[in-house]
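Comments concern the structure below.
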2 protein chains.
Amino acid sequence: MASHGARGRSGGRPTLEEVAARAGVGRGTVSRVINGSPRVSDATRAAVEAAVAELGYVPNTAARALAANRTDAIALVVPEPETRFFAEPYFSDMLRGVGAELSDTEMQLLLIFAGSDRERRRLAQYLAAHRVDGVLLVSVHADDPLPDLLAQLEIPAVISGPRSAEETLASVDSDNYGGARSAVEHLIARGCRRIAHITGRLDVYGAQRRIDGYRDALRDAGHGADERLIEAGDFTEEGGRRAMTALLARCPDLDAVFAASDVTAAGARQGLREAGRRIPEDVALVGYDDSAIARHMDPPLTSVRQPIEEMGRRMTDLLLAEIADRRPAVSRGLERRRVVLATKLVERASS
Amino acid sequence: MASHGARGRSGGRPTLEEVAARAGVGRGTVSRVINGSPRVSDATRAAVEAAVAELGYVPNTAARALAANRTDAIALVVPEPETRFFAEPYFSDMLRGVGAELSDTEMQLLLIFAGSDRERRRLAQYLAAHRVDGVLLVSVHADDPLPDLLAQLEIPAVISGPRSAEETLASVDSDNYGGARSAVEHLIARGCRRIAHITGRLDVYGAQRRIDGYRDALRDAGHGADERLIEAGDFTEEGGRRAMTALLARCPDLDAVFAASDVTAAGARQGLREAGRRIPEDVALVGYDDSAIARHMDPPLTSVRQPIEEMGRRMTDLLLAEIADRRPAVSRGLERRRVVLATKLVERASS
DNA sequence: AGGTACTGTGGGAGCGCTCCCACAAGTGAT
DNA sequence: ATCACTTGTGGGAGCGCTCCCACAGTACCT
């Protein structure tokens with residue numbers, strides 16, 4: 001069977017060297033062909049490609065990783081227990097986006113959960129070993145040490161939802177400000193005059209931006225500012241209910257509520273029900289996320305949709321660029337390292 | 001900062017060599033300590049461990065993989081589109097089991113979807129490059145070429161649900177025969193006399209075993225065999241409805257149905273409703289899988305539960321053993337390469 | 001004619017490990 | 001005292017690749 005010499009000391013797979021011998025060229029040339037270098041003549045390239053096909057050559061990833069000091073893999077790190085990952089469509093949408101963007105790439109995607117302390121320690125080891133070329137970070141809490149660890153290890157990373165306006169990592173986010181504005185403007189257009197806001201957790205940057213959008217929309221429409229119409233929530237259902245009750249006690253004349261998340265809105269709905277207010281006749285309600293909850297609520301909830309899959313795609317884009325640009329060690333500016341995507345208001349019966 | 005010599009040509013991570021210098025021993029000795037070889041004196045071991053800690057040494061995976069010809073990674077291959085993966089709790093349970101078993105291991109788990117043709121071609125490349133030490137295969141169709149590819153590449157693999165009684169791959173399965181028996185025996189105990197069976201896809205081995213269990217349970221209880229009570233389904237809802245309609249036309253006197261899956265049972269329920277039969281008063285109904293459907297059906301469906309998470313754990317066990325045993329190239333027998341786990345009947349209002 | 005530049009190519013060096021052979025030192029039987 | 005093991009250790013060779021330098025060949029200027 002074997003025609004040349006060399007071949008399989010241990011019946012193993014063909015190596016670069018063997019392909020080179022078969023094609024009658026040098027090792028370097030085969031490497032260039034494999035890696036798509038333009039500095040190869042057409043004739044040589046064809047010969048090498050023929051040899052590769054005949055031998056069924058597949059590059060040895062470990063050898064490549066060792067020699068080139070890269071792994072051709074990136075990780076999607078989910079700092080949550082697996083349970084939440086499967087429960088929330090957010091992650092599967094994100095994963096789809098990432099996968100789509102990676103599909104015509106040689107990059108391998110690793111999915112890493114870091115919900116427990118134990119898992120987080122494992123992850124730290126993993127990153128310290130530089131087993132991935134870059135990291136996609138989703139759903140990161142403000143006090144998470146992970147981003148700093150990444151920065152310290154000089155591992156390219158992209159975060160979804162910057163932790164603050166001064167976020168140092170490259171980031172992709174949806175337009176929380178604009179999303180909130182569109183929700184409030186919608187309520188104003190519906191004729192609402194006293195629009196309240198139940199916020200998200202105040203240490204989450206996106207929640208702050210939603211407050212800003214809420215305020216500015218009211219101001220620009222000539223509504224007077226009334227801070228009593230703002231009540232802090234925490235993205236939970238119970239927090240939403242509590243905030244709603246407080247708001248009703250303080251401002252019984254409110255006629256609309258913009259909640260910082262669908263879950264919060266579900267809580268608010270409960271609070272409204274308890275107070276005997278009808279939705280939307282007495283009080284209009286708008287949520288945020290356009291999750292399954294929104295579609296299944298009674299009445300169906302108007303909500304702000306974020307382009308999660310698109311976010312996944314853009315994050316991947318950014319990360320790949322980051323990785324590519326790292327190779328020649330040029331330090332680029334920060335332009336285009338922050339992407340903000342438009343949201344869309346989905347109108348339903350609750351407003 | 002640096003105390004010895006060597007260290008970071010390019011500000012990089014410490015290497016084995018540097019740890020060796022620091023500890024005042026040879027490269028080989030450090031390697032032995034890192035890999036937990038017993039042939040190291042306690043004093044030396046301590047010195048090396050100190051040096052490792054001081055330097056913050058982390059082994060270079062690529063170098064190790066190249067030298068040792070292993071990757072320390074296994075793949076969970078899901079021959080389905082991602083959508084189904086997220087939709088069905090089967091996979092998340094399985095993943096939990098695998099993860100649990102791997103958690104005190106150095107093994108890295110890769111999740112690979114191979115739903116589309118394109119993805120399958122990618123996977124073939126991936127496997128050909130030997131980028132994983134072993135493969136966990138779930139939800140494989142009878143005509144899938146993947147198992148044979150794996151065998152040909154001599155990659156250790158474990159399959160959940162053997163393709164036939166002659167399955168060559170190591171396998172873990174739930175006791176389809178026993179599960180079916182328990183369902184039918186339950187119906188008999190409930191006083192049912194004319195028990196029908198809607199099968200799964202006949203090219204699925206597990207479906208065959210369920211038919212066997214159904215037949216034997218009836219025979220052992222002294223019920224006469226009546227092949228007219230068996231109708232082929234295909235695991236789909238529509239298939240279940242169709243089969244139910246056919247059964248009712250053929251045997252109007254049936255008083256119970258054992259469906260090969262919960263989805264099939266849902267279809268059967270529809271067929272029964274259309275025929276004006278009440279569940280369970282007129283006809284008792286039992287499904288298989290104990291999925292979310294079973295709990296949410298009206299009436300709640302009695303169903304056979306499979307220990308999915310446990311299956312994930314056992315598969316991982318088997319695979320790790322397979323991989324470990326491969327190293328000294330000893331070819332073991334086939335004993336203990338097939339695991340069958342007990343099922344449990346969950347009784348609800350439908351029977 | 002000589003210089004300068006670019007293109008295409010071969011192959012040495014080296015990435016950081018594991019494997020294994022060699023060998024020193026210790027232990028106990030002869 | 002000799003031999004035969006055993007235990008612990010050092011370090012050479014080599015895994016299969018990429019990177020890069022060297023160099024032949026050609027093209028185009030002076």
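The way I read the labels, and the way they are meant: chains A, B, ... in the order of the structure tokens, residue 1 as the first residue of every chain, and ligand 1 as the first ligand shown, with later ones counted on from there.
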Please, which residues of chain C lie no more than 8 Å from chain A when the count uses only C-alpha atoms (C1' of nucleotides), and can they be set out as a PyMOL selection string? chain C and resi 7-11+15-16
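In chain D, the set of residues within 9 Å of chain B (atoms considered: only C-alpha atoms (C1' of nucleotides)) is D:DT7, D:DG8, D:DT9, D:DG10, D:DG11, D:DG14, D:DC15, D:DG16.
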The selected residues should be written to file as a CSV table (one decimal), in the first residue's frame (atoms: N, CA and C atoms (P, O5', C5', C4', C3', O3' and C1' of nucleotides)).
chain,number,residue,atom,x,y,z
D,7,DT,P,11.0,-1.1,45.0
D,7,DT,O5',11.9,0.2,45.1
D,7,DT,C5',12.5,0.5,46.4
D,7,DT,C4',13.2,1.8,46.3
D,7,DT,C3',12.3,2.9,45.7
D,7,DT,O3',12.4,4.0,46.5
D,7,DT,C1',14.4,2.8,44.5
D,8,DG,P,11.5,5.3,46.4
D,8,DG,O5',12.4,6.3,45.6
D,8,DG,C5',13.6,6.7,46.3
D,8,DG,C4',14.4,7.5,45.3
D,8,DG,C3',13.8,8.6,44.6
D,8,DG,O3',14.5,9.8,45.0
D,8,DG,C1',15.0,7.3,43.1
D,9,DT,P,14.0,11.2,44.5
D,9,DT,O5',14.8,11.4,43.1
D,9,DT,C5',16.3,11.4,43.2
D,9,DT,C4',16.9,11.4,41.9
D,9,DT,C3',16.4,12.4,40.9
D,9,DT,O3',17.3,13.5,40.9
D,9,DT,C1',16.8,10.3,39.9
D,10,DG,P,17.2,14.8,40.1
D,10,DG,O5',18.0,14.3,38.7
D,10,DG,C5',19.4,14.1,38.8
D,10,DG,C4',19.9,13.9,37.4
D,10,DG,C3',19.6,15.0,36.4
D,10,DG,O3',20.8,15.3,35.7
D,10,DG,C1',18.8,12.9,35.6
D,11,DG,P,20.9,16.5,34.7
D,11,DG,O5',20.5,15.9,33.3
D,11,DG,C5',21.3,14.8,32.8
D,11,DG,C4',20.7,14.2,31.6
D,11,DG,C3',20.2,15.3,30.6
D,11,DG,O3',20.4,14.8,29.3
D,11,DG,C1',18.5,13.9,31.1
D,14,DG,P,15.5,10.2,18.4
D,14,DG,O5',13.9,10.6,18.5
D,14,DG,C5',13.0,9.8,19.3
D,14,DG,C4',11.8,10.6,19.5
D,14,DG,C3',11.3,11.4,18.2
D,14,DG,O3',9.9,11.1,18.0
D,14,DG,C1',11.3,12.8,20.1
D,15,DC,P,9.3,11.3,16.6
D,15,DC,O5',7.8,11.7,17.0
D,15,DC,C5',7.1,11.0,17.9
D,15,DC,C4',6.1,12.0,18.5
D,15,DC,C3',5.5,12.9,17.5
D,15,DC,O3',4.3,12.4,17.0
D,15,DC,C1',6.1,14.0,19.6
D,16,DG,P,4.2,12.1,15.4
D,16,DG,O5',3.8,13.6,14.8
D,16,DG,C5',2.6,14.2,15.3
D,16,DG,C4',2.6,15.6,15.0
D,16,DG,C3',2.9,16.0,13.5
D,16,DG,O3',1.9,16.9,13.1
D,16,DG,C1',4.4,17.1,14.8
Within 9 Å of chain A, which residues of chain B show up when using only C-alpha atoms, listed as a VMD selection string? chain B and resid 13 57 to 67 69 71 82 to 83 86 to 87 89 92 95 to 96 103 109 to 112 119 125 128 to 131
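Minimum atom-to-atom distances from D:DC19, D:DC28, D:DT6, D:DA13 to DG14 (chain C) were compared using only C-alpha atoms (C1' of nucleotides), and the lowest value belongs to D:DC19.
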What does chain B look like once superposed on chain A, all Cα atoms paired in sequence order, least squares? Give it as a CSV table (one decimal) with C-alpha atoms, in the first residue's frame.
chain,number,residue,atom,x,y,z
B,1,MET,CA,-0.1,-0.3,0.5
B,2,ALA,CA,2.5,2.3,1.6
B,3,SER,CA,4.3,3.6,-1.4
B,4,HIS,CA,7.0,5.8,-0.1
B,5,GLY,CA,9.0,5.2,3.0
B,6,ALA,CA,8.3,6.6,6.4
B,7,ARG,CA,4.6,6.1,7.2
B,8,GLY,CA,3.1,5.1,10.5
B,9,ARG,CA,5.7,3.9,13.0
B,10,SER,CA,2.7,2.8,15.0
B,11,GLY,CA,0.1,2.6,12.4
B,12,GLY,CA,-0.8,6.2,13.2
B,13,ARG,CA,-2.0,9.1,11.2
B,14,PRO,CA,0.1,10.7,8.5
B,15,THR,CA,2.3,13.6,9.5
B,16,LEU,CA,3.3,16.8,7.7
B,17,GLU,CA,6.6,15.2,6.9
B,18,GLU,CA,5.0,12.3,5.2
B,19,VAL,CA,2.8,14.5,3.1
B,20,ALA,CA,5.9,16.5,2.1
B,21,ALA,CA,7.7,13.3,1.0
B,22,ARG,CA,4.7,12.2,-0.9
B,23,ALA,CA,4.4,15.5,-2.7
B,24,GLY,CA,8.1,15.7,-3.2
B,25,VAL,CA,8.4,19.0,-1.4
B,26,GLY,CA,9.7,20.3,1.9
B,27,ARG,CA,8.0,20.4,5.3
B,28,GLY,CA,7.7,24.1,5.2
B,29,THR,CA,5.9,24.2,1.9
B,30,VAL,CA,3.3,21.8,3.1
B,31,SER,CA,2.8,23.9,6.2
B,32,ARG,CA,2.3,26.9,4.0
B,33,VAL,CA,-0.3,25.2,1.9
B,34,ILE,CA,-2.2,23.9,4.9
B,35,ASN,CA,-2.2,27.4,6.4
B,36,GLY,CA,-3.2,29.1,3.2
B,37,SER,CA,-0.1,31.2,2.7
B,38,PRO,CA,-0.1,33.0,-0.6
B,39,ARG,CA,3.6,32.4,-1.1
B,40,VAL,CA,3.3,29.1,-2.9
B,41,SER,CA,3.2,28.4,-6.6
B,42,ASP,CA,0.0,27.0,-8.0
B,43,ALA,CA,1.7,23.8,-9.2
B,44,THR,CA,3.2,23.1,-5.9
B,45,ARG,CA,0.0,23.8,-4.1
B,46,ALA,CA,-1.9,21.4,-6.3
B,47,ALA,CA,0.7,18.7,-5.7
B,48,VAL,CA,0.5,19.1,-2.0
B,49,GLU,CA,-3.2,19.2,-2.0
B,50,ALA,CA,-3.2,15.9,-3.9
B,51,ALA,CA,-0.9,14.3,-1.4
B,52,VAL,CA,-3.0,15.5,1.5
B,53,ALA,CA,-6.1,14.0,-0.1
B,54,GLU,CA,-4.4,10.7,-0.9
B,55,LEU,CA,-3.0,10.3,2.6
B,56,GLY,CA,-6.1,11.6,4.3
B,57,TYR,CA,-3.9,14.0,6.2
B,58,VAL,CA,-5.4,15.9,9.1
B,59,PRO,CA,-3.2,18.3,11.1
B,60,ASN,CA,-2.3,17.4,14.6
B,61,THR,CA,-3.9,20.1,16.7
B,62,ALA,CA,-1.8,19.5,19.7
B,63,ALA,CA,1.4,19.9,17.8
B,64,ARG,CA,0.1,23.0,16.1
B,65,ALA,CA,-1.0,24.5,19.4
B,66,LEU,CA,2.4,23.8,21.0
B,67,ALA,CA,4.4,25.3,18.1
B,68,ALA,CA,2.2,28.2,17.4
B,69,ASN,CA,1.1,29.0,20.9
B,70,ARG,CA,-2.6,29.1,20.2
B,71,THR,CA,-5.4,26.7,20.7
B,72,ASP,CA,-8.0,27.6,18.1
B,73,ALA,CA,-10.6,27.4,20.7
B,74,ILE,CA,-12.7,30.0,22.5
B,75,ALA,CA,-14.9,29.6,25.5
B,76,LEU,CA,-18.4,30.8,26.2
B,77,VAL,CA,-18.3,31.2,30.0
B,78,VAL,CA,-21.7,31.1,31.8
B,79,PRO,CA,-21.3,32.2,35.4
B,80,GLU,CA,-24.5,30.4,36.3
B,81,PRO,CA,-25.5,26.9,37.2
B,82,GLU,CA,-26.5,24.7,34.3
B,83,THR,CA,-30.1,24.7,35.4
B,84,ARG,CA,-30.6,28.4,34.6
B,85,PHE,CA,-28.7,27.9,31.3
B,86,PHE,CA,-31.3,25.5,30.1
B,87,ALA,CA,-34.2,27.3,31.6
B,88,GLU,CA,-33.6,30.6,30.0
B,89,PRO,CA,-34.0,31.1,26.2
B,90,TYR,CA,-31.5,33.9,26.6
B,91,PHE,CA,-28.6,31.4,26.6
B,92,SER,CA,-29.8,29.2,23.8
B,93,ASP,CA,-30.3,32.3,21.6
B,94,MET,CA,-26.9,33.5,22.4
B,95,LEU,CA,-25.4,30.1,21.7
B,96,ARG,CA,-27.1,30.0,18.4
B,97,GLY,CA,-25.6,33.4,17.4
B,98,VAL,CA,-22.1,32.4,18.5
B,99,GLY,CA,-22.3,29.1,16.7
B,100,ALA,CA,-23.5,30.7,13.5
B,101,GLU,CA,-20.6,33.1,13.5
B,102,LEU,CA,-18.1,30.4,14.2
B,103,SER,CA,-19.4,27.9,11.7
B,104,ASP,CA,-17.1,28.9,8.9
B,105,THR,CA,-14.1,29.1,11.1
B,106,GLU,CA,-11.7,26.6,12.5
B,107,MET,CA,-12.4,27.8,16.0
B,108,GLN,CA,-13.8,25.4,18.4
B,109,LEU,CA,-16.4,26.6,20.9
B,110,LEU,CA,-16.3,25.4,24.5
B,111,LEU,CA,-19.2,25.9,26.8
B,112,ILE,CA,-18.1,26.4,30.4
B,113,PHE,CA,-20.5,26.7,33.4
B,114,ALA,CA,-19.1,28.4,36.4
B,115,GLY,CA,-22.0,28.5,38.8
B,116,SER,CA,-20.5,26.9,41.9
B,117,ASP,CA,-17.4,28.0,43.7
B,118,ARG,CA,-15.8,24.8,42.8
B,119,GLU,CA,-16.4,25.3,39.1
B,120,ARG,CA,-15.1,28.8,39.3
B,121,ARG,CA,-11.8,27.6,40.7
B,122,ARG,CA,-11.6,25.0,37.9
B,123,LEU,CA,-12.2,27.7,35.4
B,124,ALA,CA,-9.5,29.9,36.9
B,125,GLN,CA,-7.1,27.0,36.4
B,126,TYR,CA,-8.3,26.5,33.0
B,127,LEU,CA,-7.7,30.0,32.0
B,128,ALA,CA,-4.4,30.1,33.7
B,129,ALA,CA,-3.4,27.2,31.5
B,130,HIS,CA,-4.3,29.3,28.5
B,131,ARG,CA,-6.4,26.6,27.0
B,132,VAL,CA,-8.5,29.0,25.0
B,133,ASP,CA,-7.5,31.9,22.8
B,134,GLY,CA,-10.4,34.0,24.0
B,135,VAL,CA,-13.4,34.2,26.2
B,136,LEU,CA,-17.0,35.2,25.7
B,137,LEU,CA,-18.5,36.4,29.0
B,138,VAL,CA,-22.3,36.5,29.5
B,139,SER,CA,-24.4,37.6,32.3
B,140,VAL,CA,-21.6,38.8,34.5
B,141,HIS,CA,-22.4,40.4,37.9
B,142,ALA,CA,-20.8,43.7,38.8
B,143,ASP,CA,-18.5,42.3,41.4
B,144,ASP,CA,-17.4,39.3,39.5
B,145,PRO,CA,-13.6,38.9,39.6
B,146,LEU,CA,-13.5,37.0,36.3
B,147,PRO,CA,-13.1,40.0,34.0
B,148,ASP,CA,-10.1,41.2,35.9
B,149,LEU,CA,-8.6,37.8,35.9
B,150,LEU,CA,-8.9,37.7,32.2
B,151,ALA,CA,-7.3,41.1,31.8
B,152,GLN,CA,-4.4,40.1,34.1
B,153,LEU,CA,-3.8,36.9,32.1
B,154,GLU,CA,-4.0,39.0,28.9
B,155,ILE,CA,-6.7,36.7,27.4
B,156,PRO,CA,-8.8,38.5,24.8
B,157,ALA,CA,-12.4,38.7,26.1
B,158,VAL,CA,-15.7,40.2,25.1
B,159,ILE,CA,-18.4,40.8,27.7
B,160,SER,CA,-22.1,41.0,27.0
B,161,GLY,CA,-23.4,43.9,29.1
B,162,PRO,CA,-20.6,46.1,30.3
B,163,ARG,CA,-20.3,46.4,34.0
B,164,SER,CA,-20.1,50.2,33.9
B,165,ALA,CA,-19.7,53.1,31.6
B,166,GLU,CA,-15.9,52.6,32.1
B,167,GLU,CA,-15.9,49.0,31.1
B,168,THR,CA,-12.4,48.1,30.0
B,169,LEU,CA,-13.2,44.9,28.2
B,170,ALA,CA,-14.6,44.9,24.7
B,171,SER,CA,-18.4,44.7,25.0
B,172,VAL,CA,-21.6,44.1,23.2
B,173,ASP,CA,-24.8,45.4,24.7
B,174,SER,CA,-28.4,46.1,23.7
B,175,ASP,CA,-29.5,49.7,23.9
B,176,ASN,CA,-30.9,49.7,27.4
B,177,TYR,CA,-31.4,53.4,27.3
B,178,GLY,CA,-33.2,53.4,24.0
B,179,GLY,CA,-35.2,50.4,24.9
B,180,ALA,CA,-36.5,52.0,28.1
B,181,ARG,CA,-37.2,55.2,26.2
B,182,SER,CA,-39.3,53.4,23.6
B,183,ALA,CA,-41.3,51.7,26.3
B,184,VAL,CA,-42.1,54.9,28.1
B,185,GLU,CA,-42.8,56.8,24.9
B,186,HIS,CA,-45.2,54.1,23.9
B,187,LEU,CA,-47.0,54.5,27.2
B,188,ILE,CA,-47.1,58.3,26.7
B,189,ALA,CA,-48.5,57.8,23.3
B,190,ARG,CA,-51.2,55.6,24.8
B,191,GLY,CA,-52.3,58.5,26.9
B,192,CYS,CA,-50.8,57.6,30.2
B,193,ARG,CA,-49.9,60.5,32.4
B,194,ARG,CA,-48.5,59.0,35.6
B,195,ILE,CA,-45.9,56.5,34.5
B,196,ALA,CA,-44.0,54.6,37.3
B,197,HIS,CA,-40.8,52.6,36.9
B,198,ILE,CA,-39.8,49.6,38.9
B,199,THR,CA,-36.0,49.4,38.4
B,200,GLY,CA,-33.7,46.4,38.2
B,201,ARG,CA,-30.8,45.8,40.6
B,202,LEU,CA,-29.1,49.1,40.9
B,203,ASP,CA,-25.6,47.7,40.7
B,204,VAL,CA,-26.3,46.5,37.2
B,205,TYR,CA,-25.2,49.0,34.6
B,206,GLY,CA,-28.0,48.1,32.2
B,207,ALA,CA,-30.6,48.8,34.9
B,208,GLN,CA,-29.1,52.2,35.4
B,209,ARG,CA,-29.3,52.9,31.7
B,210,ARG,CA,-33.0,51.9,31.7
B,211,ILE,CA,-33.7,54.4,34.5
B,212,ASP,CA,-31.9,57.1,32.4
B,213,GLY,CA,-34.1,56.2,29.4
B,214,TYR,CA,-37.2,56.4,31.5
B,215,ARG,CA,-36.3,59.8,33.0
B,216,ASP,CA,-35.3,61.3,29.7
B,217,ALA,CA,-38.4,60.1,27.9
B,218,LEU,CA,-40.6,61.7,30.5
B,219,ARG,CA,-38.7,64.9,30.5
B,220,ASP,CA,-38.6,65.2,26.7
B,221,ALA,CA,-42.4,64.7,26.7
B,222,GLY,CA,-42.8,67.6,29.1
B,223,HIS,CA,-43.9,65.4,32.0
B,224,GLY,CA,-42.7,66.8,35.3
B,225,ALA,CA,-40.1,64.7,37.1
B,226,ASP,CA,-41.5,62.8,40.1
B,227,GLU,CA,-39.0,60.7,41.8
B,228,ARG,CA,-41.7,59.1,43.9
B,229,LEU,CA,-42.8,57.2,40.8
B,230,ILE,CA,-39.5,55.3,40.8
B,231,GLU,CA,-39.2,52.3,43.1
B,232,ALA,CA,-36.2,49.9,43.3
B,233,GLY,CA,-36.7,46.3,42.3
B,234,ASP,CA,-34.2,43.5,41.9
B,235,PHE,CA,-35.3,41.6,38.7
B,236,THR,CA,-37.2,39.1,40.8
B,237,GLU,CA,-40.9,38.5,40.9
B,238,GLU,CA,-41.3,39.1,44.6
B,239,GLY,CA,-39.3,42.3,44.3
B,240,GLY,CA,-41.7,43.4,41.6
B,241,ARG,CA,-44.7,42.7,43.7
B,242,ARG,CA,-43.3,44.5,46.7
B,243,ALA,CA,-42.3,47.5,44.6
B,244,MET,CA,-45.7,47.7,43.0
B,245,THR,CA,-47.4,47.6,46.4
B,246,ALA,CA,-45.2,50.4,47.6
B,247,LEU,CA,-45.8,52.5,44.5
B,248,LEU,CA,-49.6,52.1,44.8
B,249,ALA,CA,-49.5,53.2,48.4
B,250,ARG,CA,-47.4,56.2,47.5
B,251,CYS,CA,-49.0,57.2,44.2
B,252,PRO,CA,-52.5,55.8,44.0
B,253,ASP,CA,-53.1,57.8,40.9
B,254,LEU,CA,-50.5,56.1,38.7
B,255,ASP,CA,-51.8,54.8,35.4
B,256,ALA,CA,-48.8,52.9,33.9
B,257,VAL,CA,-45.8,50.9,35.0
B,258,PHE,CA,-42.6,50.3,33.2
B,259,ALA,CA,-40.9,47.3,34.8
B,260,ALA,CA,-37.2,46.6,34.2
B,261,SER,CA,-37.8,43.0,33.3
B,262,ASP,CA,-40.6,40.6,32.5
B,263,VAL,CA,-40.2,38.8,35.7
B,264,THR,CA,-40.5,42.1,37.6
B,265,ALA,CA,-43.6,42.9,35.5
B,266,ALA,CA,-45.1,39.5,36.6
B,267,GLY,CA,-44.6,40.6,40.2
B,268,ALA,CA,-46.1,44.0,39.5
B,269,ARG,CA,-49.1,42.4,37.9
B,270,GLN,CA,-49.6,40.4,41.0
B,271,GLY,CA,-49.4,43.6,43.1
B,272,LEU,CA,-51.9,45.3,40.8
B,273,ARG,CA,-54.3,42.4,41.0
B,274,GLU,CA,-54.1,42.4,44.8
B,275,ALA,CA,-55.0,46.1,44.7
B,276,GLY,CA,-57.9,45.4,42.4
B,277,ARG,CA,-56.4,47.3,39.5
B,278,ARG,CA,-57.2,46.0,36.0
B,279,ILE,CA,-54.5,45.7,33.3
B,280,PRO,CA,-54.6,47.6,31.0
B,281,GLU,CA,-57.8,49.5,31.8
B,282,ASP,CA,-56.7,51.0,35.1
B,283,VAL,CA,-52.9,50.6,34.8
B,284,ALA,CA,-50.9,49.8,31.6
B,285,LEU,CA,-47.9,47.5,32.1
B,286,VAL,CA,-44.7,47.1,30.0
B,287,GLY,CA,-41.9,44.7,30.7
B,288,TYR,CA,-38.4,44.1,29.4
B,289,ASP,CA,-36.8,41.1,27.7
B,290,ASP,CA,-39.7,39.8,25.7
B,291,SER,CA,-39.3,36.4,27.3
B,292,ALA,CA,-41.7,33.5,27.3
B,293,ILE,CA,-43.3,35.0,30.4
B,294,ALA,CA,-44.4,38.0,28.4
B,295,ARG,CA,-46.2,35.9,25.8
B,296,HIS,CA,-47.9,33.7,28.3
B,297,MET,CA,-48.9,36.3,30.8
B,298,ASP,CA,-52.6,37.2,31.3
B,299,PRO,CA,-52.9,39.6,29.6
B,300,PRO,CA,-50.0,39.2,27.3
B,301,LEU,CA,-47.3,41.6,28.2
B,302,THR,CA,-45.9,44.4,26.0
B,303,SER,CA,-42.2,44.1,26.3
B,304,VAL,CA,-38.8,45.3,24.9
B,305,ARG,CA,-37.0,42.7,22.9
B,306,GLN,CA,-33.3,42.5,22.8
B,307,PRO,CA,-31.6,40.9,19.7
B,308,ILE,CA,-29.8,38.2,21.7
B,309,GLU,CA,-28.8,36.1,18.8
B,310,GLU,CA,-27.3,39.1,17.1
B,311,MET,CA,-25.5,40.0,20.2
B,312,GLY,CA,-23.9,36.5,20.2
B,313,ARG,CA,-22.8,37.1,16.6
B,314,ARG,CA,-21.3,40.5,17.3
B,315,MET,CA,-19.5,39.3,20.4
B,316,THR,CA,-17.9,36.5,18.4
B,317,ASP,CA,-16.9,38.9,15.7
B,318,LEU,CA,-15.3,41.2,18.2
B,319,LEU,CA,-13.5,38.4,19.9
B,320,LEU,CA,-12.1,36.9,16.7
B,321,ALA,CA,-10.9,40.4,15.7
B,322,GLU,CA,-9.3,40.8,19.1
B,323,ILE,CA,-7.6,37.5,18.8
B,324,ALA,CA,-6.4,38.1,15.3
B,325,ASP,CA,-5.1,41.5,16.2
B,326,ARG,CA,-3.2,40.1,19.1
B,327,ARG,CA,-0.9,38.1,17.0
B,328,PRO,CA,1.1,41.0,15.5
B,329,ALA,CA,1.1,42.5,19.0
B,330,VAL,CA,-0.3,45.8,17.8
B,331,SER,CA,-2.2,47.6,20.4
B,332,ARG,CA,-5.2,49.2,18.8
B,333,GLY,CA,-7.3,51.9,20.2
B,334,LEU,CA,-10.6,51.4,21.9
B,335,GLU,CA,-12.7,52.4,19.0
B,336,ARG,CA,-15.2,49.9,17.8
B,337,ARG,CA,-14.7,47.7,20.8
B,338,ARG,CA,-18.1,48.6,22.1
B,339,VAL,CA,-21.2,47.6,20.2
B,340,VAL,CA,-24.7,48.7,21.1
B,341,LEU,CA,-27.6,47.0,19.4
B,342,ALA,CA,-31.1,48.4,18.9
B,343,THR,CA,-34.0,46.9,20.8
B,344,LYS,CA,-37.6,46.6,19.6
B,345,LEU,CA,-40.8,47.2,21.4
B,346,VAL,CA,-43.3,44.3,21.1
B,347,GLU,CA,-46.8,45.5,21.8
B,348,ARG,CA,-49.3,43.3,23.4
B,349,ALA,CA,-52.5,43.6,25.3
B,350,SER,CA,-51.1,44.8,28.6
B,351,SER,CA,-50.7,48.4,27.4
